[in-house]
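Asks: Got a structure here, written out as structure tokens. Questions coming.
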Amino acid sequence: MTDANSGPHHVNLQCFRSKEKSSRMNVVEIIGVNPVFRAEVEKLSRTATCDASVLIIGETGTGKEVFARTIHNLGKRGSKPFIPVNCGAIPVDLVENELFGHERGAYTGASISHVGLIGEAAGGTLFLDEIDSLPLMAQVKLLRFLQEREYRPLGSSKTLRADVRIISASSVDLRKAVAAGRLRQDLFFRLNVVTLDIPPLRERREDIIPFAEHFLCRYATEFNKPAREFSQDALIKLMSYNWPGNVREMENTIERAVVLSEQAVIGEDGIVLSGADTPATHEPFQKAKAKAVDQFERDYIQALLMAHRGNITRAADTAKKDRRAFVHLIRKHKIAVQQFKTTSHTLGSRELQETV
């Protein structure tokens with residue numbers, strides 16, 4: 001950790017490079033040290049071992065599909081298909097056809113049979129994002145499938161069975177959707193056996209730096225770019241922003257910064273934000289900056305302790321800080337080191353490396 005007016009903060013790339021994608025990845029990674037977020041991750045890991053329906057709630061860009069993929073990969077269905085579908089992106093008159101399929105001749109132009117998404121997901125998982133956008137008639141058929149594990153393709157007289165786990169997601173309060181008549185209450189109850197609530201990035205600021213470092217490593221490697229560090233001013237800028245687009249917005253921001261950078265250090269000017277969120281200007285500059293630096297220190301130290309599982313000596317070495325000075329910062333920010341000695345950002349199982 002450098003002082004407020006010193007040089008760039010060096011990113012510890014080695015710990016991320018050891019997790020780069022390969023043809024046979026056996027790790028599912030979810031980044032985050034925030035206690036509320038970690039509680040949801042622990043719930044996720046317990047949920048993965050059973051076949052209960054899961055409802056994932058979170059703002060756009062928080063990583064709902066990543067959570068769903070992780071549940072799939074950690075469970076017994078991990079080697080089977082994972083089929084994601086955005087219910088809001090399917091034209092209303094095609095929803096039933098897409099979900100349940102059709103027989104040849106079911107309607108004009110149906111010259112061949114179509115299996116449908118449920119058929120494609122047989123043995124695996126069907127992820128229904130924006131479930132509140134599903135038309136009511138399709139909701140009735142989905143409810144029947146959840147109850148009986150049976151469905152009938154359009155134009156068919158045969159009832160088919162399929163072993164499919166359903167994971168659904170929404171960025172809105174589904175209770176309000178039920179009250180407004182956009183979502184059937186009985187379907188809501190069927191989907192809502194286990195709920196995972198992903199907090200937005202603005203409520204887990206201690207996770208901003210780990211995400212920034214992760215994306216820097218990923219895209220510098222992917223595009224063979226020289227970027228290896230963030231300046232401290234760049235990190236303060238990242239920490240001071242509220243990220244209305246959450247992790248997806250951050251990923252795009254860091255990817256753009258890496259692509260456009262021809263230097264080893266990405267400075268403040270390289271971090272281009274949407275402008276929709278800016279720091280408060282009612283305070284003097286030095287006071288506002290001191291607050292941002294203070295928040296940065298706390299989040300950075302927590303991120304290092306998480307990366308090194310509570311090992312203060314290794315965390316201090318990574319920060320290029322004397323151990324006593326590092327301990328002083330821990331005490332200054334009243335950080336409980338013990339919590340990091342049992343925390344890991346990694347959930348072990350099958351192929352996938354994603355971030356939330």
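FYI, nothing fancy with the structure tokens labels: chains A, B, ... in order, residues from 1 per chain, ligands from 1 as they appear.
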Can you list, as a ChimeraX atom specification, all residues belonging to stretch 34-164 of chain A that DSSP tags as strand (DSSP E or B)?

Replies: /A:54-57,82-86,102,114,125-129,150-151,154,160-161

Asks: Find the residues near A:Ser261: any atom within 8 Å, counting only C-alpha atoms, skip ones fewer than 3 places away on the same chain, and give them as a ChimeraX atom specification.

Replies: /A:225-227,257-258,264,266,270

Asks: Residues of the last selection are to be written out with N, CA and C atoms, as a PDB file, in the first residue's frame.

Replies:
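Listing of out-v1.pdb after writing:
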ATOM      1  N   LYS A 225      -1.601  -7.061 -24.029  1.00  0.00           N
ATOM      2  CA  LYS A 225      -1.355  -5.639 -23.808  1.00  0.00           C
ATOM      3  C   LYS A 225      -0.382  -5.454 -22.644  1.00  0.00           C
ATOM      4  N   PRO A 226       0.308  -4.315 -22.597  1.00  0.00           N
ATOM      5  CA  PRO A 226       1.332  -4.108 -21.560  1.00  0.00           C
ATOM      6  C   PRO A 226       0.778  -3.731 -20.187  1.00  0.00           C
ATOM      7  N   ALA A 227      -0.494  -3.391 -20.102  1.00  0.00           N
ATOM      8  CA  ALA A 227      -1.056  -2.906 -18.833  1.00  0.00           C
ATOM      9  C   ALA A 227      -0.870  -3.932 -17.719  1.00  0.00           C
ATOM     10  N   ALA A 257     -10.174   0.141 -20.924  1.00  0.00           N
ATOM     11  CA  ALA A 257      -8.930   0.748 -20.445  1.00  0.00           C
ATOM     12  C   ALA A 257      -7.712  -0.057 -20.890  1.00  0.00           C
ATOM     13  N   VAL A 258      -7.816  -1.372 -20.823  1.00  0.00           N
ATOM     14  CA  VAL A 258      -6.699  -2.239 -21.224  1.00  0.00           C
ATOM     15  C   VAL A 258      -6.461  -2.155 -22.731  1.00  0.00           C
ATOM     16  N   ALA A 264       2.359   0.452 -19.116  1.00  0.00           N
ATOM     17  CA  ALA A 264       2.229  -0.564 -18.067  1.00  0.00           C
ATOM     18  C   ALA A 264       1.283  -0.115 -16.968  1.00  0.00           C
ATOM     19  N   ILE A 266      -2.112   1.945 -15.901  1.00  0.00           N
ATOM     20  CA  ILE A 266      -3.374   2.574 -16.297  1.00  0.00           C
ATOM     21  C   ILE A 266      -3.661   3.686 -15.308  1.00  0.00           C
ATOM     22  N   GLY A 270      -7.342   6.847 -17.955  1.00  0.00           N
ATOM     23  CA  GLY A 270      -7.687   5.626 -18.671  1.00  0.00           C
ATOM     24  C   GLY A 270      -8.978   4.991 -18.206  1.00  0.00           C
TER      25      GLY A 270
END

Asks: Find, counting only C-alpha atoms, the residue in A:Asn311, A:Asn86, A:Asn97, A:Thr125 that gets nearest to A:His72.

Replies: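 Of all the options, A:Thr125 lies closest to A:His72.
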
Asks: Select, from A:Leu154, A:Leu136, A:Leu304, A:Val247, the residue with the minimum atom-to-atom distance to A:Ala212, counting only C-alpha atoms.

Replies: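 That would be A:Val247, the residue with the smallest distance to A:Ala212.
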
Asks: Using only C-alpha atoms, find the one residue out of A:Leu187, A:Val92, A:Val265, A:Ile208 that sits nearest to A:Gly32.

Replies: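 Answer, going by the shortest atom-to-atom distance: A:Ile208.
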
Asks: Give me the residues near A:Glu297 as a ChimeraX atom specification, where near means some atom within 12 Å (using only C-alpha atoms) and where sequence neighbours in that chain fewer than 4 positions away do not count.

Replies: /A:1-4,9,205-206,209,232,235-236,239,290-293,301-304,319,326,328-335

Asks: Filtering to N, CA and C atoms, could you give me those residues as a short mmCIF file (atom, residue, chain, number, x, y, z; two decimals), in the first residue's frame?

Replies:
data_model
loop_
_atom_site.label_atom_id
_atom_site.label_comp_id
_atom_site.auth_asym_id
_atom_site.auth_seq_id
_atom_site.Cartn_x
_atom_site.Cartn_y
_atom_site.Cartn_z
N MET A 1 0.86 -1.20 0.00
CA MET A 1 0.00 0.00 0.00
C MET A 1 0.88 1.23 0.00
N THR A 2 0.68 2.13 -0.90
CA THR A 2 1.47 3.34 -0.98
C THR A 2 0.75 4.47 -0.29
N ASP A 3 1.51 5.54 0.00
CA ASP A 3 0.88 6.71 0.59
C ASP A 3 0.03 7.41 -0.45
N ALA A 4 -0.78 8.33 0.04
CA ALA A 4 -1.78 8.95 -0.83
C ALA A 4 -1.16 9.64 -2.03
N HIS A 9 -0.06 1.70 -7.73
CA HIS A 9 -0.28 0.47 -6.95
C HIS A 9 -0.03 -0.71 -7.87
N ARG A 205 -18.28 -2.48 -1.68
CA ARG A 205 -17.14 -1.74 -2.23
C ARG A 205 -15.81 -2.43 -2.00
N GLU A 206 -15.73 -3.27 -0.97
CA GLU A 206 -14.48 -3.98 -0.74
C GLU A 206 -14.17 -4.97 -1.86
N ILE A 209 -11.84 -3.53 -5.91
CA ILE A 209 -10.44 -3.72 -6.29
C ILE A 209 -10.16 -5.14 -6.78
N GLN A 232 -2.68 4.91 -8.26
CA GLN A 232 -3.55 5.06 -7.09
C GLN A 232 -4.74 5.97 -7.41
N LEU A 235 -7.34 3.92 -9.01
CA LEU A 235 -8.06 3.08 -8.05
C LEU A 235 -9.05 3.90 -7.22
N ILE A 236 -8.64 5.10 -6.86
CA ILE A 236 -9.55 5.98 -6.11
C ILE A 236 -10.77 6.31 -6.97
N MET A 239 -13.01 3.35 -6.92
CA MET A 239 -13.64 3.19 -5.62
C MET A 239 -14.71 4.25 -5.36
N ALA A 290 -9.49 12.68 0.91
CA ALA A 290 -9.07 11.94 2.10
C ALA A 290 -10.06 10.83 2.42
N LYS A 291 -11.35 11.11 2.26
CA LYS A 291 -12.37 10.08 2.50
C LYS A 291 -12.23 8.93 1.51
N ALA A 292 -12.00 9.29 0.24
CA ALA A 292 -11.86 8.26 -0.78
C ALA A 292 -10.62 7.40 -0.53
N VAL A 293 -9.52 8.05 -0.14
CA VAL A 293 -8.29 7.31 0.16
C VAL A 293 -8.50 6.39 1.35
N ILE A 301 -6.83 -3.40 1.80
CA ILE A 301 -6.29 -4.30 2.83
C ILE A 301 -7.15 -5.54 2.95
N GLN A 302 -8.47 -5.35 2.95
CA GLN A 302 -9.37 -6.50 3.03
C GLN A 302 -9.20 -7.42 1.83
N ALA A 303 -9.01 -6.84 0.65
CA ALA A 303 -8.83 -7.65 -0.55
C ALA A 303 -7.54 -8.48 -0.47
N LEU A 304 -6.46 -7.86 0.04
CA LEU A 304 -5.20 -8.59 0.19
C LEU A 304 -5.32 -9.71 1.22
N ALA A 319 1.73 -5.87 -0.78
CA ALA A 319 1.48 -4.42 -0.76
C ALA A 319 2.77 -3.61 -0.75
N PHE A 326 1.75 -2.35 8.06
CA PHE A 326 0.53 -3.00 7.57
C PHE A 326 -0.40 -3.34 8.72
N HIS A 328 -0.51 -1.75 11.50
CA HIS A 328 -1.06 -0.46 11.94
C HIS A 328 -2.30 -0.09 11.13
N LEU A 329 -2.25 -0.32 9.82
CA LEU A 329 -3.40 -0.03 8.97
C LEU A 329 -4.58 -0.95 9.30
N ILE A 330 -4.29 -2.21 9.60
CA ILE A 330 -5.35 -3.14 9.98
C ILE A 330 -6.06 -2.64 11.23
N ARG A 331 -5.26 -2.21 12.21
CA ARG A 331 -5.85 -1.71 13.46
C ARG A 331 -6.58 -0.39 13.25
N LYS A 332 -6.00 0.45 12.41
CA LYS A 332 -6.62 1.74 12.12
C LYS A 332 -8.03 1.56 11.57
N HIS A 333 -8.20 0.58 10.70
CA HIS A 333 -9.50 0.36 10.07
C HIS A 333 -10.34 -0.70 10.78
N LYS A 334 -9.83 -1.19 11.92
CA LYS A 334 -10.57 -2.15 12.76
C LYS A 334 -11.03 -3.36 11.94
N ILE A 335 -10.09 -3.93 11.21
CA ILE A 335 -10.37 -5.09 10.36
C ILE A 335 -10.10 -6.37 11.14
#

Asks: Which neighbours of stretch 55-62 of chain A fall inside 6 Å, counting only C-alpha atoms, when residues of the same chain fewer than 6 positions from it are skipped, and could you give them as a list in words?

Replies: Ser168, Ala169, Ser170, Ser171, Asn192, Thr195, Leu196, Asp197, Ile198, Gly245, Asn246, Val247 and Arg248 of chain A

Asks: Just to be explicit: take each residue in the selection above, keep N, CA and C atoms, and write the result as a compact mmCIF listing (two decimals), in the first residue's frame.

Replies:
# COMPACT_ATOMS: atom_id res chain seq x y z
N SER A 168 -34.46 -19.72 -12.06
CA SER A 168 -35.03 -18.50 -12.64
C SER A 168 -34.37 -17.28 -12.01
N ALA A 169 -34.54 -16.14 -12.65
CA ALA A 169 -33.93 -14.91 -12.16
C ALA A 169 -34.75 -13.71 -12.56
N SER A 170 -34.57 -12.64 -11.80
CA SER A 170 -35.27 -11.39 -12.10
C SER A 170 -34.51 -10.23 -11.47
N SER A 171 -34.66 -9.06 -12.08
CA SER A 171 -34.07 -7.85 -11.52
C SER A 171 -35.13 -7.00 -10.82
N ASN A 192 -39.77 -20.14 -6.14
CA ASN A 192 -39.13 -19.49 -5.00
C ASN A 192 -38.88 -20.45 -3.84
N THR A 195 -34.11 -18.72 -2.47
CA THR A 195 -33.84 -17.41 -3.07
C THR A 195 -32.41 -16.99 -2.78
N LEU A 196 -31.70 -16.57 -3.82
CA LEU A 196 -30.37 -15.99 -3.68
C LEU A 196 -30.47 -14.53 -4.09
N ASP A 197 -30.05 -13.64 -3.21
CA ASP A 197 -30.17 -12.20 -3.44
C ASP A 197 -28.76 -11.62 -3.58
N ILE A 198 -28.39 -11.24 -4.80
CA ILE A 198 -27.04 -10.73 -5.06
C ILE A 198 -27.01 -9.22 -4.81
N GLY A 245 -24.24 0.00 -13.36
CA GLY A 245 -24.31 -1.20 -14.20
C GLY A 245 -23.64 -2.41 -13.57
N ASN A 246 -23.18 -2.23 -12.32
CA ASN A 246 -22.60 -3.31 -11.53
C ASN A 246 -21.37 -3.95 -12.19
N VAL A 247 -21.19 -5.25 -11.99
CA VAL A 247 -19.96 -5.92 -12.43
C VAL A 247 -19.81 -5.87 -13.95
N ARG A 248 -20.92 -5.96 -14.66
CA ARG A 248 -20.85 -5.91 -16.13
C ARG A 248 -20.28 -4.57 -16.59

Asks: Nearest to A:Ala89: which of A:Ile118, A:Ile312, A:Leu128, A:Val178 is it, counting only C-alpha atoms?

Replies: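 Of A:Ile118, A:Ile312, A:Leu128, A:Val178, the one nearest A:Ala89, counting only C-alpha atoms, is A:Leu128.
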
Asks: So, counting only C-alpha atoms, which residue among A:Ala220, A:Val327, A:Met306, A:Val33 is closest to A:Phe340?

Replies: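 Comparing A:Ala220, A:Val327, A:Met306, A:Val33 against A:Phe340, the winner is A:Met306.
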
Asks: I need the alpha helix (DSSP H) residues of stretch 151-225 of chain A per DSSP on the backbone, written as JSON, numbers by chain.

Replies: {"A": [174, 175, 176, 177, 178, 179, 185, 186, 187, 188, 189, 190, 191, 208, 209, 210, 211, 212, 213, 214, 215, 216, 217, 218, 219, 220, 221, 222]}

Asks: Residues within 7 Å of A:Ile83, please, as an NGL selection string. Count only C-alpha atoms; anything in the same chain fewer than 2 positions from it doesn't count.

Replies: :A and (81 or 85 or 121 or 125-127)

Asks: Given the selection you just returned, output its residues as a file containing N, CA and C atoms, formatted as a PDB file, in the first residue's frame.

Replies:
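Result file is result-v3.pdb:
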ATOM      1  N   PRO A  81     -26.293 -30.407 -20.161  1.00  0.00           N
ATOM      2  CA  PRO A  81     -26.454 -29.065 -20.736  1.00  0.00           C
ATOM      3  C   PRO A  81     -26.902 -28.014 -19.720  1.00  0.00           C
ATOM      4  N   VAL A  85     -31.797 -18.724 -21.112  1.00  0.00           N
ATOM      5  CA  VAL A  85     -32.741 -18.047 -22.000  1.00  0.00           C
ATOM      6  C   VAL A  85     -33.263 -16.793 -21.319  1.00  0.00           C
ATOM      7  N   ALA A 121     -32.423 -29.119 -22.696  1.00  0.00           N
ATOM      8  CA  ALA A 121     -31.817 -29.102 -21.360  1.00  0.00           C
ATOM      9  C   ALA A 121     -31.954 -30.431 -20.627  1.00  0.00           C
ATOM     10  N   THR A 125     -29.808 -28.187 -16.798  1.00  0.00           N
ATOM     11  CA  THR A 125     -30.433 -27.032 -16.154  1.00  0.00           C
ATOM     12  C   THR A 125     -30.946 -26.054 -17.198  1.00  0.00           C
ATOM     13  N   LEU A 126     -32.157 -25.552 -16.985  1.00  0.00           N
ATOM     14  CA  LEU A 126     -32.725 -24.481 -17.808  1.00  0.00           C
ATOM     15  C   LEU A 126     -32.763 -23.224 -16.958  1.00  0.00           C
ATOM     16  N   PHE A 127     -32.054 -22.186 -17.415  1.00  0.00           N
ATOM     17  CA  PHE A 127     -31.995 -20.921 -16.681  1.00  0.00           C
ATOM     18  C   PHE A 127     -32.907 -19.910 -17.352  1.00  0.00           C
TER      19      PHE A 127
END

Asks: Considering only C-alpha atoms, can you say which of A:Phe188, A:Phe82, A:Tyr241, A:Phe211 comes closest to A:Ile30?

Replies: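 Distance minimum relative to A:Ile30 lands on A:Phe211.
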
Asks: Rounded to one decimal, what separation in Å do you get between atom CA of A:Asn34 and atom CA of A:Asp207?

Replies: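 Taking atom CA of A:Asn34 and atom CA of A:Asp207, their separation equals 6.7 Å.
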
Asks: Give me the residues within 9 Å of A:Phe100 as a VMD selection string, counting only C-alpha atoms and dropping any in the same chain fewer than 6 places off.

Replies: chain A and resid 114 to 119 141 151 to 154
